[in-house]
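Dumped input-v1.cif below, it's mmCIF, C-alpha atoms; chains and numbers go by the auth columns:
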```
data_structure
#
loop_
_atom_site.group_PDB
_atom_site.id
_atom_site.type_symbol
_atom_site.label_atom_id
_atom_site.label_comp_id
_atom_site.label_asym_id
_atom_site.label_seq_id
_atom_site.Cartn_x
_atom_site.Cartn_y
_atom_site.Cartn_z
_atom_site.B_iso_or_equiv
_atom_site.auth_seq_id
_atom_site.auth_asym_id
ATOM 1 C CA VAL A 1 0.866 4.499 2.077 0.00 1 Q
ATOM 2 C CA TYR A 2 0.006 7.010 -0.658 0.00 2 Q
ATOM 3 C CA TYR A 3 3.613 8.032 -1.253 0.00 3 Q
ATOM 4 C CA GLU A 4 4.803 4.439 -1.597 0.00 4 Q
ATOM 5 C CA LEU A 5 1.988 3.741 -4.063 0.00 5 Q
ATOM 6 C CA ASP A 6 2.786 6.878 -6.023 0.00 6 Q
ATOM 7 C CA ASP A 7 6.491 5.986 -6.164 0.00 7 Q
ATOM 8 C CA GLU A 8 5.663 2.463 -7.366 0.00 8 Q
ATOM 9 C CA ARG A 9 3.280 3.859 -9.972 0.00 9 Q
ATOM 10 C CA LYS A 10 5.950 6.247 -11.270 0.00 10 Q
ATOM 11 C CA LYS A 11 8.661 3.591 -11.190 0.00 11 Q
ATOM 12 C CA ASN A 12 6.522 1.349 -13.403 0.00 12 Q
ATOM 13 C CA ASN A 13 5.190 4.173 -15.591 0.00 13 Q
ATOM 14 C CA ALA A 14 1.703 2.932 -14.715 0.00 14 Q
ATOM 15 C CA THR A 15 -0.319 5.731 -16.272 0.00 15 Q
ATOM 16 C CA ASP A 16 -3.543 3.702 -16.058 0.00 16 Q
ATOM 17 C CA ILE A 17 -3.626 3.830 -12.244 0.00 17 Q
ATOM 18 C CA ALA A 18 -5.348 6.579 -10.281 0.00 18 Q
ATOM 19 C CA ILE A 19 -4.881 6.885 -6.527 0.00 19 Q
ATOM 20 C CA CYS A 20 -7.582 8.484 -4.435 0.00 20 Q
ATOM 21 C CA ARG A 21 -6.680 9.404 -0.864 0.00 21 Q
ATOM 22 C CA VAL A 22 -9.493 9.509 1.701 0.00 22 Q
ATOM 23 C CA GLU A 23 -8.876 11.638 4.778 0.00 23 Q
ATOM 24 C CA GLN A 24 -12.359 11.926 6.216 0.00 24 Q
ATOM 25 C CA LEU A 25 -13.656 8.499 7.102 0.00 25 Q
ATOM 26 C CA CYS A 26 -16.570 9.518 9.315 0.00 26 Q
ATOM 27 C CA PRO A 27 -19.000 10.755 8.288 0.00 27 Q
ATOM 28 C CA PHE A 28 -18.260 8.862 5.122 0.00 28 Q
ATOM 29 C CA PRO A 29 -17.897 11.253 2.154 0.00 29 Q
ATOM 30 C CA TYR A 30 -20.321 9.492 -0.209 0.00 30 Q
ATOM 31 C CA ASP A 31 -20.589 12.522 -2.487 0.00 31 Q
ATOM 32 C CA LEU A 32 -16.814 12.852 -2.936 0.00 32 Q
ATOM 33 C CA ILE A 33 -16.316 9.120 -3.396 0.00 33 Q
ATOM 34 C CA GLN A 34 -19.082 8.953 -5.989 0.00 34 Q
ATOM 35 C CA ARG A 35 -17.610 11.948 -7.808 0.00 35 Q
ATOM 36 C CA GLU A 36 -14.296 10.082 -8.073 0.00 36 Q
ATOM 37 C CA LEU A 37 -15.986 6.826 -9.096 0.00 37 Q
ATOM 38 C CA LYS A 38 -17.738 8.663 -11.942 0.00 38 Q
ATOM 39 C CA ARG A 39 -14.385 9.910 -13.239 0.00 39 Q
ATOM 40 C CA TYR A 40 -13.249 6.308 -13.817 0.00 40 Q
ATOM 41 C CA PRO A 41 -16.358 4.350 -14.844 0.00 41 Q
ATOM 42 C CA ASN A 42 -14.481 1.180 -15.895 0.00 42 Q
ATOM 43 C CA ALA A 43 -11.965 1.070 -13.062 0.00 43 Q
ATOM 44 C CA GLU A 44 -11.570 -1.776 -10.644 0.00 44 Q
ATOM 45 C CA ILE A 45 -11.776 -0.551 -7.033 0.00 45 Q
ATOM 46 C CA VAL A 46 -9.038 -1.518 -4.554 0.00 46 Q
ATOM 47 C CA TRP A 47 -8.720 -0.477 -0.910 0.00 47 Q
ATOM 48 C CA CYS A 48 -5.097 -0.335 0.195 0.00 48 Q
ATOM 49 C CA GLN A 49 -3.954 0.169 3.773 0.00 49 Q
ATOM 50 C CA GLU A 50 -0.811 -0.328 5.840 0.00 50 Q
ATOM 51 C CA GLU A 51 -2.586 -1.729 8.883 0.00 51 Q
ATOM 52 C CA PRO A 52 -3.595 -5.384 9.176 0.00 52 Q
ATOM 53 C CA MET A 53 -7.018 -6.096 7.700 0.00 53 Q
ATOM 54 C CA ASN A 54 -8.659 -6.345 11.123 0.00 54 Q
ATOM 55 C CA MET A 55 -7.172 -3.074 12.447 0.00 55 Q
ATOM 56 C CA GLY A 56 -7.323 -0.458 9.726 0.00 56 Q
ATOM 57 C CA ALA A 57 -10.227 1.317 8.091 0.00 57 Q
ATOM 58 C CA TYR A 58 -11.093 -1.494 5.663 0.00 58 Q
ATOM 59 C CA ASN A 59 -13.880 -3.059 7.736 0.00 59 Q
ATOM 60 C CA TYR A 60 -15.520 0.353 8.099 0.00 60 Q
ATOM 61 C CA ILE A 61 -14.873 1.555 4.548 0.00 61 Q
ATOM 62 C CA ALA A 62 -15.683 -1.539 2.466 0.00 62 Q
ATOM 63 C CA PRO A 63 -19.461 -1.633 3.059 0.00 63 Q
ATOM 64 C CA ARG A 64 -19.739 2.135 2.599 0.00 64 Q
ATOM 65 C CA LEU A 65 -17.635 2.086 -0.534 0.00 65 Q
ATOM 66 C CA ALA A 66 -19.821 -0.765 -1.809 0.00 66 Q
ATOM 67 C CA THR A 67 -22.945 1.309 -1.085 0.00 67 Q
ATOM 68 C CA ALA A 68 -21.497 4.222 -3.077 0.00 68 Q
ATOM 69 C CA MET A 69 -20.635 1.854 -5.916 0.00 69 Q
ATOM 70 C CA THR A 70 -24.050 0.168 -5.887 0.00 70 Q
ATOM 71 C CA ALA A 71 -25.811 3.539 -6.065 0.00 71 Q
ATOM 72 C CA LEU A 72 -23.901 4.217 -9.292 0.00 72 Q
ATOM 73 C CA GLY A 73 -24.424 0.728 -10.686 0.00 73 Q
ATOM 74 C CA ARG A 74 -20.703 0.013 -10.300 0.00 74 Q
ATOM 75 C CA GLY A 75 -20.807 -3.222 -8.327 0.00 75 Q
ATOM 76 C CA THR A 76 -21.286 -4.654 -4.857 0.00 76 Q
ATOM 77 C CA PHE A 77 -19.292 -5.432 -1.720 0.00 77 Q
ATOM 78 C CA ASP A 78 -17.626 -8.331 -3.546 0.00 78 Q
ATOM 79 C CA ASP A 79 -16.200 -5.872 -6.072 0.00 79 Q
ATOM 80 C CA VAL A 80 -14.168 -3.975 -3.445 0.00 80 Q
ATOM 81 C CA ARG A 81 -10.707 -5.541 -3.452 0.00 81 Q
ATOM 82 C CA TYR A 82 -8.352 -5.404 -0.482 0.00 82 Q
ATOM 83 C CA VAL A 83 -4.576 -5.058 -0.565 0.00 83 Q
ATOM 84 C CA GLY A 84 -2.824 -4.835 2.771 0.00 84 Q
ATOM 85 C CA ARG A 85 -1.461 -6.847 5.614 0.00 85 Q
ATOM 86 C CA ALA A 86 -3.288 -10.002 6.663 0.00 86 Q
ATOM 87 C CA PRO A 87 -5.343 -9.980 9.877 0.00 87 Q
ATOM 88 C CA SER A 88 -3.056 -9.991 12.883 0.00 88 Q
ATOM 89 C CA ALA A 89 -3.146 -9.766 16.684 0.00 89 Q
ATOM 90 C CA SER A 90 -0.381 -7.165 16.513 0.00 90 Q
ATOM 91 C CA THR A 91 -0.350 -3.819 14.729 0.00 91 Q
ATOM 92 C CA ALA A 92 3.219 -4.352 13.543 0.00 92 Q
ATOM 93 C CA THR A 93 5.759 -7.139 13.173 0.00 93 Q
ATOM 94 C CA GLY A 94 8.179 -5.564 15.626 0.00 94 Q
ATOM 95 C CA PHE A 95 11.090 -5.949 13.228 0.00 95 Q
ATOM 96 C CA TYR A 96 12.144 -3.039 11.040 0.00 96 Q
ATOM 97 C CA SER A 97 13.451 -5.283 8.256 0.00 97 Q
ATOM 98 C CA MET A 98 10.136 -7.168 8.132 0.00 98 Q
ATOM 99 C CA HIS A 99 8.189 -3.893 8.119 0.00 99 Q
ATOM 100 C CA VAL A 100 10.218 -2.597 5.162 0.00 100 Q
ATOM 101 C CA LYS A 101 9.663 -5.871 3.303 0.00 101 Q
ATOM 102 C CA GLU A 102 5.912 -5.841 3.980 0.00 102 Q
ATOM 103 C CA GLN A 103 5.639 -2.183 2.963 0.00 103 Q
ATOM 104 C CA ALA A 104 7.421 -2.795 -0.325 0.00 104 Q
ATOM 105 C CA GLU A 105 5.258 -5.857 -0.987 0.00 105 Q
ATOM 106 C CA LEU A 106 2.096 -3.895 -0.263 0.00 106 Q
ATOM 107 C CA SER A 107 2.999 -1.220 -2.843 0.00 107 Q
ATOM 108 C CA TRP A 108 4.096 -3.826 -5.346 0.00 108 Q
ATOM 109 C CA LYS A 109 0.870 -5.825 -5.002 0.00 109 Q
ATOM 110 C CA THR A 110 -1.346 -2.760 -5.281 0.00 110 Q
ATOM 111 C CA VAL A 111 0.256 -1.517 -8.495 0.00 111 Q
ATOM 112 C CA ARG A 112 0.391 -4.998 -10.017 0.00 112 Q
ATOM 113 C CA VAL A 113 -3.113 -6.286 -9.264 0.00 113 Q
ATOM 114 C CA CYS A 114 -3.790 -6.300 -13.007 0.00 114 Q
ATOM 115 C CA TYR A 115 -0.943 -8.741 -13.660 0.00 115 Q
ATOM 116 C CA PHE A 116 -2.440 -11.362 -11.365 0.00 116 Q
ATOM 117 C CA ASP A 117 -6.030 -11.121 -12.522 0.00 117 Q
ATOM 118 C CA GLU A 118 -7.872 -10.943 -15.810 0.00 118 Q
ATOM 119 C CA SER A 119 -9.317 -7.514 -15.025 0.00 119 Q
ATOM 120 C CA CYS A 120 -6.948 -4.617 -14.515 0.00 120 Q
ATOM 121 C CA PHE A 121 -6.863 -2.385 -11.434 0.00 121 Q
ATOM 122 C CA ARG A 122 -6.989 1.295 -12.166 0.00 122 Q
ATOM 123 C CA TYR A 123 -8.157 2.944 -8.992 0.00 123 Q
ATOM 124 C CA SER A 124 -6.943 2.689 -5.420 0.00 124 Q
ATOM 125 C CA PHE A 125 -8.337 4.207 -2.265 0.00 125 Q
ATOM 126 C CA SER A 126 -6.148 4.712 0.776 0.00 126 Q
ATOM 127 C CA ALA A 127 -6.785 6.558 4.014 0.00 127 Q
ATOM 128 C CA LYS A 128 -5.257 9.655 5.632 0.00 128 Q
ATOM 129 C CA ALA A 129 -5.150 12.410 3.024 0.00 129 Q
ATOM 130 C CA PRO A 130 -7.533 14.561 0.950 0.00 130 Q
ATOM 131 C CA ILE A 131 -9.257 13.114 -2.078 0.00 131 Q
ATOM 132 C CA HIS A 132 -7.473 13.923 -5.314 0.00 132 Q
ATOM 133 C CA GLU A 133 -5.725 12.173 -8.152 0.00 133 Q
#
```
How would this structure read if it were set down as structure tokens?
Amino acid sequence: VYYELDDERKKNNATDIAICRVEQLCPFPYDLIQRELKRYPNAEIVWCQEEPMNMGAYNYIAPRLATAMTALGRGTFDDVRYVGRAPSASTATGFYSMHVKEQAELSWKTVRVCYFDESCFRYSFSAKAPIHE
């Protein structure tokens, strides 16, 4: 999902958004995550994933990300926001057109979190690639 997020960020000239890709989920890279959190001390934290909420890494990552945040005084579990597909019994819709629509919506929502809420999103974590901005 990183490339879709990056394209959406570029398309909207959203220079206030950093995307951090997490490849190693277990053991959880607390040191690397905390290093990235320190780089953006006022950023809102959002976990973005393609998979439905009950199938991807979110349920594993959220409490660990919250622990890393709490150790830095950056918030709690409630401060980790989720953007992705809703919980589902199936990993995919089964229809290409619906998948494309959901994928576009996922990128759009992630980049535009700040337009729907009073506080602005500036940092997104997604799985499957090395940590970097």
request  = Identify, on the basis of all atoms listed in the file, every residue whose closest approach to stretch 88-101 of chain Q does not exceed 6 Å; exclude the query and any residue fewer than 2 positions from it along the same chain; express the result as a ChimeraX atom specification.
outcome  = /Q:52,103-104
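Counting only C-alpha atoms, the residue from Q:Cys48, Q:Thr70, Q:Glu102, Q:Asn59 that sits nearest to Q:Tyr82 is Q:Cys48.
Comparing the minimum interatomic distances between Q:Asp16 and each of Q:Ala62, Q:Val80, Q:Leu72, Q:Ala43, counting only C-alpha atoms, we find that Q:Ala43 sits nearest.
Among Q:Ile33, Q:Leu25, Q:Val46, Q:Ala14, the residue with the shortest atom-to-atom distance to Q:Ile61, counting only C-alpha atoms, is Q:Leu25.
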task = Starting from the shown file, work through the PyMOL selection byres ((chain Q and resi 107) around 9) and note down what comes out as a list in words.
result = Val1, Glu4, Leu5, Asp6, Asp7, Glu8, Arg9, Cys48, Val83, Gly84, Glu102, Gln103, Ala104, Glu105, Leu106, Trp108, Lys109, Thr110, Val111 and Arg112 of chain Q
ask   = What is the atom CA of Q:Ala86 to atom CA of Q:Trp47 distance in Å?
value =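 According to the coordinates, atom CA of Q:Ala86 and atom CA of Q:Trp47 are separated by 13.3 Å.
For the choices Q:Thr15, Q:Tyr60, Q:Met69, Q:Gln49, the atom-to-atom distance to Q:Arg35 is smallest for Q:Met69 when using only C-alpha atoms.
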query = What is the atom CA of Q:Phe77 to atom CA of Q:Tyr2 distance in Å?
reply =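 Taking atom CA of Q:Phe77 as the start and atom CA of Q:Tyr2 as the end point, the length is 23.0 Å.
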query = Between atom CA of Q:Tyr40 and atom CA of Q:Arg74, what is the distance, to one decimal in Å?
reply = 10.4 Å
Find the axis-aligned box for stretch 71-74 of chain Q, covering all its listed atoms and adding 5 Å on each side, and write its centre and edge lengths in Å to one decimal as lines of an AutoDock Vina configuration file.
```
center_x = -23.3
center_y = 2.1
center_z = -8.4
size_x = 15.1
size_y = 14.2
size_z = 14.6
```
request  = Could you tell me which of Q:Glu50, Q:Asp79, Q:Gln24, Q:Met55 comes closest to Q:Thr67 if we count only C-alpha atoms?
outcome  =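 Nearest candidate to Q:Thr67 out of Q:Glu50, Q:Asp79, Q:Gln24, Q:Met55: Q:Asp79.
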remark   = In terms of only C-alpha atoms, the residue from Q:Ala66, Q:Tyr3, Q:Gly56, Q:Asn12 at minimal distance from Q:Leu37 is Q:Ala66
